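Visitor: Dumping the structure here so I can ask a few things about it.
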Amino acid sequence: MSDQGMMNNPVIRWIEHRMPIFSFLNHSIGTEYPSPKNLSYWWNFGSLAGIVLVIMIVTGIMLAMQYTAHSDHAFDSVERIMRDVNSGWLLRYVHMNGGSFFFIVVYIHIFRGMYYGSYKAPRELLWILGVIILLLMMATAFMGYVLPWGQMSYWGAKVITNLFSAVPWVGDWIVTWLWGGFTVANPTLNRFYALHYLLPFLIVAMVILHIWALHQFGSNNPLGIEAKGPQDKIPFHPYYTVKDLYGMGVFLLVFFAVVFFAPNMLAEADNNIEANPLATPAHIVPEWYFLPYYAILRAIPHKLLGVVAMFGSLLILLVLPWIDRSPVKSAKFRPIYKWLFWAFVIVCLVLGYIGAKPPEGIFLIVGQIATAAYFLFFVAVYFLSYIERPKPLPASISEPVLKGGGSPAGAQAKPMEKA
Amino acid sequence: MKRFLIGVLATACGLSLTTAEAAVTPPPPKQEWSFDGPFGTFDRAALQRGLQVYQEVCSGCHSLKYVAFRNLADIGYSQNEIKLFAAEATVVDGPDDEGEMFERDGLPSDYFPSPFPNDKAAAAANNGALPPDLSLMTKARKGGPDYTYAILTGFEELPENWKELDEYSFLPRDFELQDGLTFNRYFPGHQIAMADQIAMAAPLAGGVVEYADGTEATIEQMSHDVTTFLMWTAEPKLEIRKAWGVKVMIFVFVLTVLLYFAKRKVWADVH
């Protein structure tokens with residue numbers, strides 16, 4: 001923000017005097033927010049997630065203007081959006097694939113946080129807020145998938161809500177309460193629609209808290225050491241605004257390629273059949289981004305324990321900052337954790353693959369091994385903290401940059417002057 | 001540990017072998033479609049022939065409830081042709097001022113009328129099986145248009161000695177075709193309530209349909225045409241979507257290149 005120029009504008013000065021929103025923005029995403037100078041492109045995914053959230057809310061509100069939340073009309077109204085509403089097909093395909101891309105971006109964002117130890121002190125609360133955002137996203141996505149009222153919408157809703165019947169004593173009562181009746185029906189669709197509209201705004205609220213917590217100590221960085229002084233930092237604007245915009249361009253290229261040329265790539269064919277409570281599809285599968293948890297659920301032959309394991313696989317992330325006792329953040333300097341991390345990524349991918357397969361034969365066995373491996377990762381991380389010998393850490397963020405870069409000395413001097 | 005791993009692997013291989021030997025419906029063979037690829041469009045002539053096949057064969061049992069006559073403008077018919085085409089249909093409208101339902105000729109704004117008054121009537125007329133609506137059929141089954149084509153061309157007489165033929169190894173050994181059902185190798189369960197309309201009515205040469213443009217109405221040709229038509233009914237905005245997509249991709253690409261150079265310029269003093 002060229003704040004000097006802007007502050008000459010009398011209107012801006014008038015507003016700023018009464019409500020200092022311009023300096024607030026400047027301290028949030030402007031020249032007054034110092035960020036580590038060494039952030040890699042893996043740090044683009046936070047802002048990308050924010051961009052996708054905005055895309056989802058805008059397209060979602062416009063779709064809501066055309067959609068009918070009634071079990072007799074929902075499927076037809078979606079087809080009307082696809083056929084008769086001006087650019088309705090575009091709104092729907094952006095929203096539908098936007099959901100998938102939201103998860104892709106957020107999963108990468110989470111894995112980045114795990115690799116570079118971004119969850120460690122003093123950023124534990126930042127991490128916890130992020131996990132809460134993930135949980136809210138999942139609830140939103142699950143309820144949104146029910147709205148088109150296709151076969152998978154209906155049966156997915158039935159299977160997932162039925163999980164709560166595993167709760168001892170009050171399970172059946174909870175399920176009836178969730179459904180608003182004795183099966184998934186119009187009252188269920190209505191409340192899911194209301195909640196699907198509400199939760200994104202709770203996500204926005206949590207994102208604001210997430211960013212607030214982020215600004216307390218600023219971003220972590222690939223070295224995982226805190227900035228020692230102004231020479232380690234550069235102002236967020238223009239450096240990271242332009243970098244985030246460039247990242248957005250690359251993201252949109254991939255996103256639009258799917259939206260315009262393969263919009264049904266990630267969709268389930270069965271959801272183009274209207275919901276029919278009397279005909280169960282041969283394979284009920286959730287959306288791809290739920291498949292790892294679905295695999296964990298089905299790996300355990302006991303219903304209640306399966307549900308506990310499924311939710312546990314998410315909730316364990318909340319305490320990750322206290323499971324990992326190692327003071328070193330970045331996996332760059334943790335020779336064993338680095339491999340453990342990649343093994344964990346592979347386990348998650350295997351679980352995703354297994355989640356799409358019927359739970360029988362080899363798939364069940366692999367699913368059970370992968371489920372055990374998922375939880376063993378956290379156990380291993382705990383003990384690793386005590387046995388791993390980390391590599392020596394660089395003295396400061398600037399040090400390796402100066403050493404490795406080999407660029408003219410004058411080039412490095414500049415940002416210091418600025419900051 | 002090693003021995004354990006080998007054991008796991010061996011079990012895994014054994015298990016996957018046994019599942020591979022079990023009955024699996026053959027996947028629909030890949031076909032070439034005019035609407036494939038990022039620049040694909042609908043072949044207008046195929047769409048119009050496909051409409052004819054739907055109208056003269058499929059519409060006897062299958063509805064097409066999401067398609068209105070006015071939509072036919074998209075596949076190359078003039079307003080006049082659409083009016084005439086719609087007028088051939090009889091539509092139940094009402095109630096009138098006396099409270100009676102009445103029949104009238106179809107209008108361009110009407111949707112394709114369903115062959116049966118309701119699902120129960122449709123099922124009753126078809127051995128208890130409900131002929132599904134075809135509007136979204138090419139998107140509503142795994143395999144998409146390839147599957148639709150495979151079903152239409154997959155009717156066959158199951159030979160008496162099928163158990164001895166390698167070609168039928170995908171069938172469960174205790175398979176038995178029920179009365180009133182037709183054998184179809186690509187249909188899940190391999191018996192379909194849909195009678196082999198196309199082949200039965202067209203035993204050898206010539207067709208159940210006589211194409212106005214002189215195209216020979218072979219089973220393959222008719223199946224290909226009607227599948228193209230049903231892809232259009234399922235995804236009527238496919239052409240405009242891809243056309244916009246090309247423009248959007250060019251725009252975003254140029255924008256991204258500019259942003260890349262902007263980023264390099266801004267960062268020049270940091271690196």
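Please note that chains go A, B, ... in the order of the structure tokens, that every chain numbers its residues from 1, and that ligands are numbered from 1 in the order shown.
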Pick out the residues sitting within 12 Å of Val167 of chain A, and hand them over as a ChimeraX atom specification; count only C-alpha atoms, and ignore anything fewer than 5 positions along from it in its own chain.
Guide: /A:161-162,172-175,303-308
Visitor: Save the residues we just selected, N, CA and C atoms, as a compact mmCIF listing (two decimals), in the first residue's frame?
Guide:
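So result_36.txt came out as:
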```
# COMPACT_ATOMS: atom_id res chain seq x y z
N THR A 161 -25.26 -40.17 8.87
CA THR A 161 -26.06 -39.83 10.05
C THR A 161 -26.30 -41.07 10.90
N ASN A 162 -26.42 -42.21 10.24
CA ASN A 162 -26.64 -43.46 10.97
C ASN A 162 -25.48 -43.81 11.91
N ASP A 172 -30.04 -44.07 18.89
CA ASP A 172 -31.20 -44.00 18.00
C ASP A 172 -31.96 -42.69 18.15
N TRP A 173 -32.02 -42.24 19.40
CA TRP A 173 -32.71 -40.98 19.67
C TRP A 173 -32.00 -39.82 18.96
N ILE A 174 -30.64 -39.83 18.99
CA ILE A 174 -29.87 -38.77 18.31
C ILE A 174 -30.13 -38.78 16.82
N VAL A 175 -30.15 -39.99 16.24
CA VAL A 175 -30.34 -40.09 14.79
C VAL A 175 -31.71 -39.53 14.40
N LYS A 303 -18.81 -51.20 15.29
CA LYS A 303 -19.38 -49.95 14.80
C LYS A 303 -18.96 -48.74 15.64
N LEU A 304 -19.16 -48.85 16.96
CA LEU A 304 -18.84 -47.71 17.83
C LEU A 304 -17.36 -47.38 17.78
N LEU A 305 -16.52 -48.42 17.85
CA LEU A 305 -15.08 -48.19 17.82
C LEU A 305 -14.65 -47.59 16.48
N GLY A 306 -15.32 -48.04 15.40
CA GLY A 306 -15.03 -47.48 14.08
C GLY A 306 -15.32 -45.99 14.05
N VAL A 307 -16.47 -45.61 14.61
CA VAL A 307 -16.84 -44.20 14.64
C VAL A 307 -15.85 -43.41 15.49
N VAL A 308 -15.48 -43.99 16.63
CA VAL A 308 -14.52 -43.33 17.51
C VAL A 308 -13.19 -43.14 16.79
```
Visitor: Which residues come within 7 Å of segment 226-236 of chain B, counting only C-alpha atoms, excluding same-chain residues fewer than 4 positions away, as a list in words?
Guide: Ala46, Leu47, Gly50, Leu51, Val53, Tyr54, Val67, Ser135, Leu136, Met137, Thr138, Lys139, Pro145, Thr148, Tyr149 and Met222 of chain B
Visitor: Kindly save the residues from that selection, with N, CA and C atoms included, as a short mmCIF file (atom, residue, chain, number, x, y, z; two decimals), in the first residue's frame.
Guide:
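As written to disk, out_6.cif reads:
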```cif
data_model
loop_
_atom_site.label_atom_id
_atom_site.label_comp_id
_atom_site.auth_asym_id
_atom_site.auth_seq_id
_atom_site.Cartn_x
_atom_site.Cartn_y
_atom_site.Cartn_z
N ALA B 46 -25.65 -36.24 -36.34
CA ALA B 46 -25.83 -37.37 -35.42
C ALA B 46 -26.90 -37.04 -34.39
N LEU B 47 -26.91 -35.80 -33.90
CA LEU B 47 -27.92 -35.39 -32.91
C LEU B 47 -29.32 -35.54 -33.49
N GLY B 50 -30.16 -39.06 -33.90
CA GLY B 50 -30.38 -39.62 -32.57
C GLY B 50 -31.76 -39.26 -32.04
N LEU B 51 -32.17 -38.02 -32.28
CA LEU B 51 -33.52 -37.61 -31.88
C LEU B 51 -34.56 -38.51 -32.55
N VAL B 53 -34.16 -41.60 -33.57
CA VAL B 53 -34.14 -42.92 -32.94
C VAL B 53 -34.88 -42.87 -31.61
N TYR B 54 -34.60 -41.83 -30.81
CA TYR B 54 -35.31 -41.72 -29.53
C TYR B 54 -36.80 -41.67 -29.77
N VAL B 67 -36.11 -32.32 -21.00
CA VAL B 67 -35.89 -31.69 -22.29
C VAL B 67 -37.22 -31.13 -22.80
N SER B 135 -33.04 -38.45 -19.73
CA SER B 135 -32.44 -37.10 -19.83
C SER B 135 -30.99 -37.08 -19.39
N LEU B 136 -30.68 -37.74 -18.28
CA LEU B 136 -29.33 -37.67 -17.71
C LEU B 136 -28.58 -38.99 -17.84
N MET B 137 -29.14 -39.92 -18.64
CA MET B 137 -28.59 -41.28 -18.65
C MET B 137 -27.10 -41.34 -18.92
N THR B 138 -26.60 -40.55 -19.87
CA THR B 138 -25.17 -40.67 -20.22
C THR B 138 -24.25 -40.14 -19.12
N LYS B 139 -24.83 -39.46 -18.11
CA LYS B 139 -24.00 -39.03 -16.97
C LYS B 139 -24.29 -39.86 -15.73
N PRO B 145 -21.19 -42.19 -21.83
CA PRO B 145 -21.72 -42.54 -23.15
C PRO B 145 -21.23 -43.89 -23.65
N THR B 148 -23.66 -46.40 -22.30
CA THR B 148 -24.94 -46.37 -23.01
C THR B 148 -24.83 -47.11 -24.34
N TYR B 149 -23.75 -46.80 -25.07
CA TYR B 149 -23.52 -47.44 -26.36
C TYR B 149 -23.35 -48.95 -26.19
N MET B 222 -27.24 -46.51 -35.24
CA MET B 222 -28.36 -46.00 -34.44
C MET B 222 -27.95 -45.81 -32.98
#
```
Visitor: From a DSSP pass on the backbone, collect the residues of segment 81-123 of chain B flagged as strand (DSSP E or B) and hand them back as a VMD selection string.
Guide: chain B and resid 90 to 93 102 to 105 111
Visitor: What are the nearest atom pairs, with distances in Å to one decimal, for all residues of chain A that come at most 7 Å from chain B, using only C-alpha atoms, set out by chain and rising residue number as a tab-separated table?
Guide:
```
residue	atom	partner	partner_atom	distance
A:Tyr239	CA	B:Val266	CA	6.4
A:Val242	CA	B:Lys263	CA	5.5
A:Lys243	CA	B:Lys263	CA	5.7
A:Leu245	CA	B:Leu259	CA	6.8
A:Tyr246	CA	B:Leu259	CA	5.0
A:Gly249	CA	B:Thr256	CA	4.7
A:Val250	CA	B:Thr256	CA	6.4
A:Leu253	CA	B:Val252	CA	6.3
A:Phe260	CA	B:Gly245	CA	5.0
A:Phe261	CA	B:Pro38	CA	5.8
A:Ala269	CA	B:Ala140	CA	4.5
A:Asp270	CA	B:Ala140	CA	5.4
A:Asn271	CA	B:Ala140	CA	7.0
A:Asn272	CA	B:Ala140	CA	4.8
A:Ile273	CA	B:Ala140	CA	6.1
A:Gly361	CA	B:Leu15	CA	6.5
A:Ile362	CA	B:Ala12	CA	5.9
A:Ala411	CA	B:Asp269	CA	5.1
A:Gln412	CA	B:Val270	CA	5.9
A:Lys414	CA	B:Asp269	CA	6.3
A:Pro415	CA	B:Val270	CA	6.3
```
Visitor: Save the residues we just selected, C-alpha atoms, as a CSV table (one decimal), in the first residue's frame?
Guide:
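Writing the result to part.csv gives the following:
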```
chain,number,residue,atom,x,y,z
A,239,TYR,CA,6.3,-9.1,-1.8
A,242,VAL,CA,2.2,-10.3,-5.7
A,243,LYS,CA,3.5,-13.8,-4.9
A,245,LEU,CA,-1.6,-13.4,-6.8
A,246,TYR,CA,0.8,-15.3,-9.0
A,249,GLY,CA,-3.1,-17.5,-11.3
A,250,VAL,CA,-1.5,-20.9,-11.4
A,253,LEU,CA,-5.4,-22.5,-14.5
A,260,PHE,CA,-14.6,-26.2,-18.1
A,261,PHE,CA,-13.2,-29.4,-19.6
A,269,ALA,CA,-22.4,-41.0,-11.6
A,270,ASP,CA,-25.1,-42.2,-9.2
A,271,ASN,CA,-25.8,-38.6,-8.1
A,272,ASN,CA,-27.3,-38.0,-11.5
A,273,ILE,CA,-30.2,-40.3,-10.5
A,361,GLY,CA,-10.6,-59.3,1.0
A,362,ILE,CA,-7.3,-57.6,0.4
A,411,ALA,CA,21.0,-7.2,-3.7
A,412,GLN,CA,20.6,-8.4,-0.1
A,414,LYS,CA,18.0,-3.5,0.0
A,415,PRO,CA,15.2,-5.2,1.9
```
Visitor: Let me make sure I understand: among A:Thr280, A:Ser100, A:Ser118, A:Ser153, which one has the smallest atom-to-atom distance to Met137 of chain A if we use only C-alpha atoms?
Guide: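 For Met137 of chain A, the nearest of the given residues is A:Ser100.
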Visitor: Enumerate as a VMD selection string all residues of segment 10-205 of chain B assigned to alpha helix (DSSP H) by DSSP on the backbone, naming them with the chain letters and numbers the document uses.
Guide: chain B and resid 10 to 21 44 to 56 79 to 87 119 to 124 144 to 153 197 to 201
Visitor: Applying 8 Å and only C-alpha atoms, which residues near Val131 of chain A remain after dropping the ones on its own chain fewer than 3 positions away? List them as JSON, numbers by chain.
Guide: {"A": [127, 128, 134, 135, 317, 318]}
Visitor: Deliver the residues from the most recent selection as a file, using N, CA and C atoms, as a PDB file, in the first residue's frame.
Guide:
```pdb
ATOM      1  N   TRP A 127      -2.793 -23.366  15.014  1.00  0.00           N
ATOM      2  CA  TRP A 127      -2.998 -24.706  14.465  1.00  0.00           C
ATOM      3  C   TRP A 127      -4.377 -25.247  14.863  1.00  0.00           C
ATOM      4  N   ILE A 128      -4.735 -25.081  16.147  1.00  0.00           N
ATOM      5  CA  ILE A 128      -6.018 -25.600  16.630  1.00  0.00           C
ATOM      6  C   ILE A 128      -7.179 -24.924  15.890  1.00  0.00           C
ATOM      7  N   LEU A 134     -11.079 -26.969   9.519  1.00  0.00           N
ATOM      8  CA  LEU A 134     -11.201 -28.213   8.750  1.00  0.00           C
ATOM      9  C   LEU A 134     -12.480 -28.962   9.135  1.00  0.00           C
ATOM     10  N   LEU A 135     -12.753 -29.058  10.426  1.00  0.00           N
ATOM     11  CA  LEU A 135     -13.954 -29.769  10.876  1.00  0.00           C
ATOM     12  C   LEU A 135     -15.219 -29.072  10.349  1.00  0.00           C
ATOM     13  N   LEU A 317      -5.349 -34.476  15.668  1.00  0.00           N
ATOM     14  CA  LEU A 317      -4.581 -33.345  15.134  1.00  0.00           C
ATOM     15  C   LEU A 317      -4.577 -32.178  16.119  1.00  0.00           C
ATOM     16  N   LEU A 318      -5.655 -32.072  16.916  1.00  0.00           N
ATOM     17  CA  LEU A 318      -5.751 -30.958  17.872  1.00  0.00           C
ATOM     18  C   LEU A 318      -4.604 -30.990  18.884  1.00  0.00           C
TER      19      LEU A 318
END
```
Visitor: Rank A:Leu25, A:Ala227, A:Ala372, A:Met6 by their smallest atom-to-atom distance to Leu39 of chain A, using only C-alpha atoms, and report the top residue only.
Guide: A:Ala227
Visitor: Name all residues at most 8 Å from Phe192 of chain A (count only C-alpha atoms; drop same-chain ones fewer than 5 positions away) and give them as a list in words.
Guide: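 So the residues in contact are Met143, Gly144, Val146 and Leu147 of chain A.
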Visitor: Which of these residues is nearest to Ser396 of chain A, using only C-alpha atoms: A:Leu223, A:Leu202, A:Leu91, A:Met138?
Guide: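 Looking at the shortest contact to Ser396 of chain A, the residue is A:Leu223.
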Visitor: Using only C-alpha atoms, which of B:Thr25, B:Ile192, B:Asp110, B:Asp213 sits nearest Gly128 of chain B?
Guide: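 Of B:Thr25, B:Ile192, B:Asp110, B:Asp213, the one nearest Gly128 of chain B is B:Ile192, counting only C-alpha atoms.
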Visitor: Return the single residue from B:Ala123, B:Ala150, B:Ala68, B:Leu134 that is closest to Gly106 of chain B, with distances computed using only C-alpha atoms.
Guide: B:Ala68
Visitor: Between atom CA of Ile323 of chain A and atom CA of Tyr116 of chain A, measure the distance and give it in Å to one decimal.
Guide: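 Distance between the two atoms: 15.2 Å.
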